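In what follows, a single structure is set out as structure tokens and then discussed.
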Amino acid sequence: MSKFQKLLLYFLFFLVGISTVLIGQVLPFISARFLLTDAQSSKFFIAHFAGSILGILVYEFIVKSRSFLLVIRIGCVCAAVGVILLNSEFQFICSAGFFLNGVCTGANIPAINMLMAKVNPSNTVSSLSFLNFFWGVGAITCQPFIYAFADEGSLLVPTTLLSVLYLLACVFLRNSPKGERERKRIASFGFREIWSNPISWLIAFFNFAHVGLESGIGGWLTTYSERFYAESLSATPVFFTFFVLGRLLAPISVRFCPERLFVLISLLILNAGLLLILISEKSLFLGASICGIGASAIFPANMARFTKIFAPSATKNAAPLFIMGSLGGIITNTLIGIASDYFESLVYGILILVFNAFILTIIELLLLFRFSTR
């Protein structure tokens, strides 16, 4: 693969970072357009994560018979169409837009990661860390990008720009001379052995709660900020800035922290950040930064644990793990909207995230106990 194609993949993952957290940044605009309550707005999360599940299934099906690049192109086209649909005056069309955007993230996150791992077999860890840095930059950029180009509540300019960038990236994406067929490399094996093991489901439920928590922060923090601050200020970029910083510092932190306790300590930091967000609007930005640091390394650490237990080839049979994460996003964000409406305060919705963090801590303790008795 040429250097240009690698740079294009980095740029694409930057766009995927924007798409992943886009729903939370445009939600205030779309909720105002349709005069929606928080519970009604939360249905858009269902559309997004339903699309994400379909994207995961598309990835699983296509890479076994075709190529990574075909999956990536499908994801790019879905995102390019989906973001434009967010400008519709019809709510169901906006939902379709979120669904298509979800297809992009569900398909392209594993496809781009696995393709980059394939073309960098000798330094997979560092190459994937560098790749996911661009995802984080996209997540940080999303909220300022939307608010800089949104015109009096209209999302036409930022969504058009994002759509054009996706289409251009899709056009310039080329197959390598040798092709990208992966029948042997991606061939499925060991699925039953992996998912008949209770530990795999503990890890999957951990992912369920964690993706729900992380998407809940990214999805509602902008709206939560606007309940206390002017529209131009949001704690979301603060969260993702420290999220990316935490991922950069994680390899150094592990040297000074026992590996088996790293996730538990990260969860305790995350819990502290959530409590600061809830205590007072004055501690919102501090809480968001602490949450970013705490959440940053949890997902890669959980994935590393999965591959360490079941061998690196287990990633070929990890679809239930990713699907559980998407289901966690659907249920958590829906409950946040329902709780916010029922108690007439988004503070009670954010308490759902505290509950998720508590569940994560319990599951992590169970995993630690299971490993210590083996």
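Residues are referred to by chain and number: the chain letter is A, B, ... according to the order shown in the structure tokens, the number counts from 1 in that chain, and ligands are numbered separately from 1 in the order shown.
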
Selection near Leu351 in chain A, 12 Å with only C-alpha atoms, sequence-local residues under 6 positions removed, as a ChimeraX atom specification: /A:213,216-217,220,271,274-279,332-333,335-340,343,345,357-358

Residues near range 194-211 of chain A, cut-off 7 Å, only C-alpha atoms, skip fewer than 3 positions along chain, as a VMD selection string: chain A and resid 190 to 191 214 to 215 310 321 324 to 325 327 to 329 356 360 363

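Straight-line separation from CA of Lys3 in chain A to CA of Ile62 in chain A: 25.2 Å.
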
Contacts of Asn101 in chain A within 7 Å, only C-alpha atoms, excl. fewer than 5 positions in-chain, as a ChimeraX atom specification: /A:19,48,78-79,82-83

What are the closest atom pairs, with distances in Å to one decimal, for each residue of range 79-141 of chain A lying within 8 Å of range 242-262 of chain A, using only C-alpha atoms, rows by chain and rising residue number, as a Markdown table?
| residue | atom | partner | partner_atom | distance |
| --- | --- | --- | --- | --- |
| A:Phe133 | CA | A:Val244 | CA | 6.6 |
| A:Gly136 | CA | A:Val244 | CA | 5.4 |
| A:Val137 | CA | A:Val244 | CA | 7.3 |

Please, could you write that set of residues out with N, CA and C atoms as a PDB file, in the first residue's frame?
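Now in out-v3.pdb:
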ATOM      1  N   PHE A 133      -5.430   7.663  16.975  1.00  0.00           N
ATOM      2  CA  PHE A 133      -5.197   9.063  17.322  1.00  0.00           C
ATOM      3  C   PHE A 133      -5.996   9.971  16.395  1.00  0.00           C
ATOM      4  N   GLY A 136      -9.582  10.140  17.357  1.00  0.00           N
ATOM      5  CA  GLY A 136      -9.765  11.055  18.481  1.00  0.00           C
ATOM      6  C   GLY A 136      -9.750  12.503  18.057  1.00  0.00           C
ATOM      7  N   VAL A 137      -8.871  12.848  17.113  1.00  0.00           N
ATOM      8  CA  VAL A 137      -8.833  14.225  16.616  1.00  0.00           C
ATOM      9  C   VAL A 137     -10.154  14.568  15.932  1.00  0.00           C
TER      10      VAL A 137
END

DSSP helix (DSSP H, G or I) residues within range 45-266 of chain A, as number ranges by chain: A: 45-62, 68-85, 91-119, 124-149, 156-172, 183-186, 191-195, 198-226, 236-256, 259-266

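For the residues A:Gly102, A:Gly55, A:Gly75, A:Gly153, ranking by smallest atom-to-atom distance to Ala169 in chain A using only C-alpha atoms places A:Gly75 first.
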
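Residues in contact with Leu270 in chain A at up to 8 Å, not including ones fewer than 2 positions away on its chain and judged by only C-alpha atoms, are Ser266, Leu267, Leu268, Ala272, Gly273, Leu274, Ile290, Cys291, Gly292, Ile293, Gly294, Ala295 and Ala357 of chain A.
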
Å distance separating CA of Cys94 in chain A from CA of Leu12 in chain A, one decimal place: 23.1 Å
